[in-house]
There are 2 protein chains.
Amino acid sequence: MATTTSHLTNVKSTVHFSCISNQHRSHLTTKLKPTTVRMSMTQTPYWASLHADVEAHLKQTITIKEPLLVFEPMHHLIFTAPKTTVPALCLAACELVGGQRQEAISAASALLLMEAATYTHEHLPLSDRPGPKPGPMIDHVYGPNVELLTGDGIVPFGFELLARSDGGENSERILKVMVEISRAVGSGGGVIDAQYMKTLGGGSDGDEICHVEEIRRVVEKYEGRLHSCGAVCGGVLGGGCEEEIERLRKFGFYVGIIQGMIKWGFKEDHKEVVEARNLAIQELKFFKDKEVDAIKTFLNI
Amino acid sequence: MATTTSHLTNVKSTVHFSCISNQHRSHLTTKLKPTTVRMSMTQTPYWASLHADVEAHLKQTITIKEPLLVFEPMHHLIFTAPKTTVPALCLAACELVGGQRQEAISAASALLLMEAATYTHEHLPLSDRPGPKPGPMIDHVYGPNVELLTGDGIVPFGFELLARSDGGENSERILKVMVEISRAVGSGGGVIDAQYMKTLGGGSDGDEICHVEEIRRVVEKYEGRLHSCGAVCGGVLGGGCEEEIERLRKFGFYVGIIQGMIKWGFKEDHKEVVEARNLAIQELKFFKDKEVDAIKTFLNI
């Protein structure tokens with residue numbers, strides 16, 4: 001996957017793109033993300049097959065029904081949002097601790113929904129956001145009003161899916177997972193914090209320079225926190241013990257750092273990526289009696 | 001309360017304000033809502049004391065902490081959103097079926113949070129929404145970007161609050177309540193549907209006429225559904241039996257019709273309001289062995 005990324009690599013401490021302009025960033029992200037996914041799909045990595053399972057589950061669950069005004073854009077925005085490795089990691093973590101993939105499918109689906117809602121709202125044209133710039137743009141099939149409402153509808157639906165998934169004997173695990181997801185996607189030091197940093201914080205050194213450290217901080221809160229959450233949810237639902245779950249929390253965090261930094265344009269052999277990979281491998285050593293090859297593929301090795 | 005509402009009353013089948021312009025509607029709503037609340041506070045009705053309990057609980061839970069960028073606007077937007085009778089009805093329903101107020105306080109708080117998030121997003125200046133018009137306006141202390149993010153952060157926090165509220169023996173009830181809340185505030189024929197109808201549906205008879213039937217349909221999905229949800233959540237958490245919960249579902253729906261129609265400018269003696277009140281009283285007859293005086297106050301009698 002390394003070869004698909006951009007020229008913004010091997011820098012020592014700064015990367016030269018805008019810290020201030022969110023538009024610029026989105027543009028960069030959009031440019032990189034599909035490439036990454038496309039490459040992965042060609043190699044059909046493990047996560048892609050897990051992701052396909054989550055999408056299949058969601059397609060069964062979210063049928064396009066009346067009112068079409070509500071469900072058509074919902075369907076569209078859920079299935080066209082860029083794929084991430086978060087829902088797949090949830091399933092892989094569940095299997096690692098000895099659970100069945102099916103036990104974590106609702107949590108993985110909820111995570112996919114949360115990410116789709118976040119992506120939708122991140123690209124809403126608000127009156128205090130910069131206007132369109134040259135370069136590849138997000139394709140807005142629906143108006144901002146519909147995108148706002150759809151994002152708002154998707155989040156509770158994710159929680160509903162999870163709350164409904166319990167046959168009766170698993171409710172405490174489900175509630176635990178809900179707290180994890182709420183915090184990661186909400187204001188508990190996760191996605192919302194990262195979005196504040198991205199859209200309001202700006203760069204400290206002017207318009208066109210972003211320190212690696214700044215990107216790293218955003219990635220920690222965004223991709224780091226989400227992947228960490230995905231791994232924990234899988235561990236909880238697969239029946240992992242407390243120590244396993246805490247190892248998965250850290251492992252997921254490092255996976256997020258790797259995936260996030262690469263999305264921002266860093267190469268596979270960048271110091272931050274290599275370091276995160278080594279730390280992730282350390283966490284996996286705890287699972288020496290388990291089958292770790294599958295979950296190791298999330299480290300892009 | 002009847003005397004505080006507007007001149008838009010006692011019409012037979014149409015009310016003369018804009019169906020197309022959402023701005024116009026918000027303006028009308030904003031004009032009426034505070035008046036209604038202010039009057040109620042002077043009379044210190046039962047619901048106001050219950051609402052104060054919910055706010056006190058939330059103020060303990062949501063402290064203003066770091067990052068201030070996140071928690072200051074969250075605090076502000078939660079506590080300045082217009083008060084509704086939904087969270088209070090949740091507590092009253094819990095007490096009606098023999099539960100303790102404390103058992104439903106997290107659900108009531110979650111409902112307040114969901115309503116605050118909805119209100120915040122309803123007033124976001126989006127590029128496809130009409131610009132400001134003359135008349136009292138929403139006071140935007142924060143920029144649209146912050147309001148969007150804050151709304152997005154409040155919703156998961158509501159679910160987290162609920163998920164955390166369980167001591168261990170109550171998890172199935174909590175999950176049941178989560179499904180109810182998710183559907184009511186999401187795309188399950190509740191708030192999102194109403195918002196689509198309000199902002200996209202428009203009126204069938206042009207710009208300046210709204211049929212009572214159209215308003216009624218919006219009120220059913222918005223206030224009707226939310227109050228119904230509040231009453232059900234209280235009933236479930238208070239340990240009500242299935243029949244009690246279904247009676248509360250209908251009772252709450254009629255309370256919502258009354259509160260919603262009055263918010264839209266209809267008088268207490270309008271046909272729709274009187275009819276809803278009579279139907280609500282019918283539902284209460286099922287609780288003949290219980291103390292119904294408290295919950296009856298939600299009917300404005």
# chains A, B, ... in the order shown; residues from 1 in each chain; ligands from 1

$ interface_residues --of "chain A" --to "chain B" --cutoff "6 Å" --atoms "only C-alpha atoms" --output "PDB file with all heavy atoms, in the first residue's frame"
ATOM      1  N   LEU A 126     -21.330  24.624   5.491  1.00  0.00           N
ATOM      2  CA  LEU A 126     -21.873  25.554   6.483  1.00  0.00           C
ATOM      3  C   LEU A 126     -21.453  26.961   6.122  1.00  0.00           C
ATOM      4  O   LEU A 126     -20.457  27.160   5.422  1.00  0.00           O
ATOM      5  CB  LEU A 126     -21.329  25.205   7.875  1.00  0.00           C
ATOM      6  CG  LEU A 126     -21.816  23.900   8.485  1.00  0.00           C
ATOM      7  CD1 LEU A 126     -20.990  23.553   9.710  1.00  0.00           C
ATOM      8  CD2 LEU A 126     -23.281  24.009   8.871  1.00  0.00           C
ATOM      9  N   GLY A 153     -30.025  11.195  11.576  1.00  0.00           N
ATOM     10  CA  GLY A 153     -30.845   9.984  11.671  1.00  0.00           C
ATOM     11  C   GLY A 153     -30.012   8.721  11.786  1.00  0.00           C
ATOM     12  O   GLY A 153     -30.418   7.741  12.400  1.00  0.00           O
ATOM     13  N   PRO A 156     -28.640   7.681  15.809  1.00  0.00           N
ATOM     14  CA  PRO A 156     -29.544   6.902  16.674  1.00  0.00           C
ATOM     15  C   PRO A 156     -29.826   5.516  16.101  1.00  0.00           C
ATOM     16  O   PRO A 156     -29.987   4.552  16.844  1.00  0.00           O
ATOM     17  CB  PRO A 156     -30.841   7.724  16.697  1.00  0.00           C
ATOM     18  CG  PRO A 156     -30.474   9.067  16.206  1.00  0.00           C
ATOM     19  CD  PRO A 156     -29.263   8.926  15.348  1.00  0.00           C
ATOM     20  N   GLU A 160     -29.705   1.995  17.963  1.00  0.00           N
ATOM     21  CA  GLU A 160     -30.877   1.108  17.955  1.00  0.00           C
ATOM     22  C   GLU A 160     -30.470  -0.308  17.545  1.00  0.00           C
ATOM     23  O   GLU A 160     -30.863  -1.294  18.152  1.00  0.00           O
ATOM     24  CB  GLU A 160     -31.941   1.655  16.990  1.00  0.00           C
ATOM     25  CG  GLU A 160     -33.200   0.802  16.987  1.00  0.00           C
ATOM     26  CD  GLU A 160     -34.142   1.128  15.849  1.00  0.00           C
ATOM     27  OE1 GLU A 160     -34.084   2.253  15.314  1.00  0.00           O
ATOM     28  OE2 GLU A 160     -34.937   0.238  15.475  1.00  0.00           O
ATOM     29  N   ALA A 163     -28.771  -1.918  20.380  1.00  0.00           N
ATOM     30  CA  ALA A 163     -29.684  -2.209  21.499  1.00  0.00           C
ATOM     31  C   ALA A 163     -30.608  -3.377  21.162  1.00  0.00           C
ATOM     32  O   ALA A 163     -30.970  -4.164  22.028  1.00  0.00           O
ATOM     33  CB  ALA A 163     -30.505  -0.969  21.846  1.00  0.00           C
ATOM     34  N   SER A 171     -26.991  -8.476  27.612  1.00  0.00           N
ATOM     35  CA  SER A 171     -27.279  -7.037  27.667  1.00  0.00           C
ATOM     36  C   SER A 171     -26.191  -6.221  28.361  1.00  0.00           C
ATOM     37  O   SER A 171     -25.956  -5.080  27.990  1.00  0.00           O
ATOM     38  CB  SER A 171     -28.647  -6.787  28.295  1.00  0.00           C
ATOM     39  OG  SER A 171     -28.769  -7.489  29.494  1.00  0.00           O
ATOM     40  N   LEU A 175     -24.306  -2.912  26.723  1.00  0.00           N
ATOM     41  CA  LEU A 175     -24.250  -1.589  27.358  1.00  0.00           C
ATOM     42  C   LEU A 175     -22.802  -1.102  27.481  1.00  0.00           C
ATOM     43  O   LEU A 175     -22.518   0.075  27.285  1.00  0.00           O
ATOM     44  CB  LEU A 175     -24.922  -1.624  28.729  1.00  0.00           C
ATOM     45  CG  LEU A 175     -26.454  -1.728  28.716  1.00  0.00           C
ATOM     46  CD1 LEU A 175     -26.990  -1.804  30.135  1.00  0.00           C
ATOM     47  CD2 LEU A 175     -27.093  -0.552  27.995  1.00  0.00           C
ATOM     48  N   VAL A 179     -21.218   2.374  25.785  1.00  0.00           N
ATOM     49  CA  VAL A 179     -20.443   3.424  26.452  1.00  0.00           C
ATOM     50  C   VAL A 179     -19.160   3.681  25.658  1.00  0.00           C
ATOM     51  O   VAL A 179     -18.780   4.829  25.404  1.00  0.00           O
ATOM     52  CB  VAL A 179     -20.124   3.042  27.919  1.00  0.00           C
ATOM     53  CG1 VAL A 179     -19.183   4.046  28.557  1.00  0.00           C
ATOM     54  CG2 VAL A 179     -21.407   2.938  28.734  1.00  0.00           C
ATOM     55  N   SER A 182     -20.113   5.508  22.373  1.00  0.00           N
ATOM     56  CA  SER A 182     -20.557   6.883  22.647  1.00  0.00           C
ATOM     57  C   SER A 182     -19.367   7.796  22.896  1.00  0.00           C
ATOM     58  O   SER A 182     -19.298   8.904  22.377  1.00  0.00           O
ATOM     59  CB  SER A 182     -21.435   6.935  23.892  1.00  0.00           C
ATOM     60  OG  SER A 182     -22.514   6.073  23.774  1.00  0.00           O
ATOM     61  N   GLY A 186     -18.277  10.580  20.349  1.00  0.00           N
ATOM     62  CA  GLY A 186     -18.786  11.821  20.928  1.00  0.00           C
ATOM     63  C   GLY A 186     -17.687  12.699  21.463  1.00  0.00           C
ATOM     64  O   GLY A 186     -16.620  12.823  20.853  1.00  0.00           O
ATOM     65  N   SER A 187     -17.957  13.301  22.615  1.00  0.00           N
ATOM     66  CA  SER A 187     -17.027  14.291  23.167  1.00  0.00           C
ATOM     67  C   SER A 187     -16.092  13.694  24.208  1.00  0.00           C
ATOM     68  O   SER A 187     -15.492  14.416  24.983  1.00  0.00           O
ATOM     69  CB  SER A 187     -17.827  15.431  23.806  1.00  0.00           C
ATOM     70  OG  SER A 187     -18.773  15.913  22.894  1.00  0.00           O
TER      71      SER A 187
END

$ select_by_dssp --residues "region 199-263 of chain A" --states "alpha helix (DSSP H)" --output "PDB file with C-alpha atoms, in the first residue's frame"
ATOM      1  CA  VAL A 212       3.816  16.016  12.266  1.00  0.00           C
ATOM      2  CA  GLU A 213       3.018  16.357  15.965  1.00  0.00           C
ATOM      3  CA  GLU A 214      -0.197  18.218  15.175  1.00  0.00           C
ATOM      4  CA  ILE A 215      -1.313  15.650  12.649  1.00  0.00           C
ATOM      5  CA  ARG A 216      -0.383  12.927  15.083  1.00  0.00           C
ATOM      6  CA  ARG A 217      -2.591  14.498  17.780  1.00  0.00           C
ATOM      7  CA  VAL A 218      -5.569  14.597  15.436  1.00  0.00           C
ATOM      8  CA  VAL A 219      -4.924  11.035  14.266  1.00  0.00           C
ATOM      9  CA  ARG A 225      -9.637   6.342  19.185  1.00  0.00           C
ATOM     10  CA  LEU A 226     -12.030   4.776  16.677  1.00  0.00           C
ATOM     11  CA  HIS A 227      -9.850   1.741  15.974  1.00  0.00           C
ATOM     12  CA  SER A 228      -9.212   1.341  19.689  1.00  0.00           C
ATOM     13  CA  CYS A 229     -12.959   1.400  20.253  1.00  0.00           C
ATOM     14  CA  GLY A 230     -13.576  -1.100  17.441  1.00  0.00           C
ATOM     15  CA  ALA A 231     -11.053  -3.538  18.906  1.00  0.00           C
ATOM     16  CA  VAL A 232     -12.462  -3.162  22.436  1.00  0.00           C
ATOM     17  CA  CYS A 233     -16.042  -3.712  21.259  1.00  0.00           C
ATOM     18  CA  GLY A 234     -15.016  -6.893  19.453  1.00  0.00           C
ATOM     19  CA  GLY A 235     -13.118  -8.081  22.512  1.00  0.00           C
ATOM     20  CA  VAL A 236     -16.035  -7.414  24.858  1.00  0.00           C
ATOM     21  CA  LEU A 237     -18.621  -9.094  22.623  1.00  0.00           C
ATOM     22  CA  GLU A 242     -10.288  -7.769  31.081  1.00  0.00           C
ATOM     23  CA  GLU A 243      -6.583  -8.058  30.278  1.00  0.00           C
ATOM     24  CA  GLU A 244      -7.325  -9.146  26.701  1.00  0.00           C
ATOM     25  CA  ILE A 245      -9.668  -6.206  26.256  1.00  0.00           C
ATOM     26  CA  GLU A 246      -7.088  -3.720  27.516  1.00  0.00           C
ATOM     27  CA  ARG A 247      -4.445  -5.184  25.195  1.00  0.00           C
ATOM     28  CA  LEU A 248      -6.893  -4.865  22.323  1.00  0.00           C
ATOM     29  CA  ARG A 249      -7.558  -1.256  23.320  1.00  0.00           C
ATOM     30  CA  LYS A 250      -3.876  -0.437  22.869  1.00  0.00           C
ATOM     31  CA  PHE A 251      -3.471  -2.617  19.793  1.00  0.00           C
ATOM     32  CA  GLY A 252      -6.442  -0.896  18.155  1.00  0.00           C
ATOM     33  CA  PHE A 253      -5.021   2.500  19.014  1.00  0.00           C
ATOM     34  CA  TYR A 254      -1.744   1.691  17.220  1.00  0.00           C
ATOM     35  CA  VAL A 255      -3.637   0.288  14.223  1.00  0.00           C
ATOM     36  CA  GLY A 256      -5.463   3.617  14.099  1.00  0.00           C
ATOM     37  CA  ILE A 257      -2.203   5.539  14.199  1.00  0.00           C
ATOM     38  CA  ILE A 258      -0.873   3.489  11.279  1.00  0.00           C
ATOM     39  CA  GLN A 259      -4.047   3.803   9.201  1.00  0.00           C
ATOM     40  CA  GLY A 260      -4.499   7.469  10.070  1.00  0.00           C
ATOM     41  CA  MET A 261      -0.933   8.535   9.333  1.00  0.00           C
ATOM     42  CA  ILE A 262      -1.010   6.723   5.989  1.00  0.00           C
ATOM     43  CA  LYS A 263      -4.299   8.434   5.160  1.00  0.00           C
TER      44      LYS A 263
END

$ atom_distance --atom1 "CA of Trp47 (chain B)" --atom2 "CA of Ile301 (chain B)"
12.6 Å

$ residues_around --residues "Gln100 (chain B)" --least-positions-apart "3" --cutoff "12 Å" --atoms "only C-alpha atoms" --output "list in words"
Cys90, Leu91, Ala92, Ala93, Cys94, Glu95, Leu96, Val97, Glu103, Ala104, Ile105, Gly234, Gly235, Val236, Leu237, Gly238, Gly239 and Gly240 of chain B

$ closest_residue --among "A:Thr85, A:Ser49, A:Gln282, A:Thr61" --to "Leu111 (chain A)" --atoms "only C-alpha atoms"
A:Thr85

$ closest_residue --among "A:Glu275, A:Glu55, A:Glu223, A:Glu268" --to "Asn300 (chain A)" --atoms "only C-alpha atoms"
A:Glu268
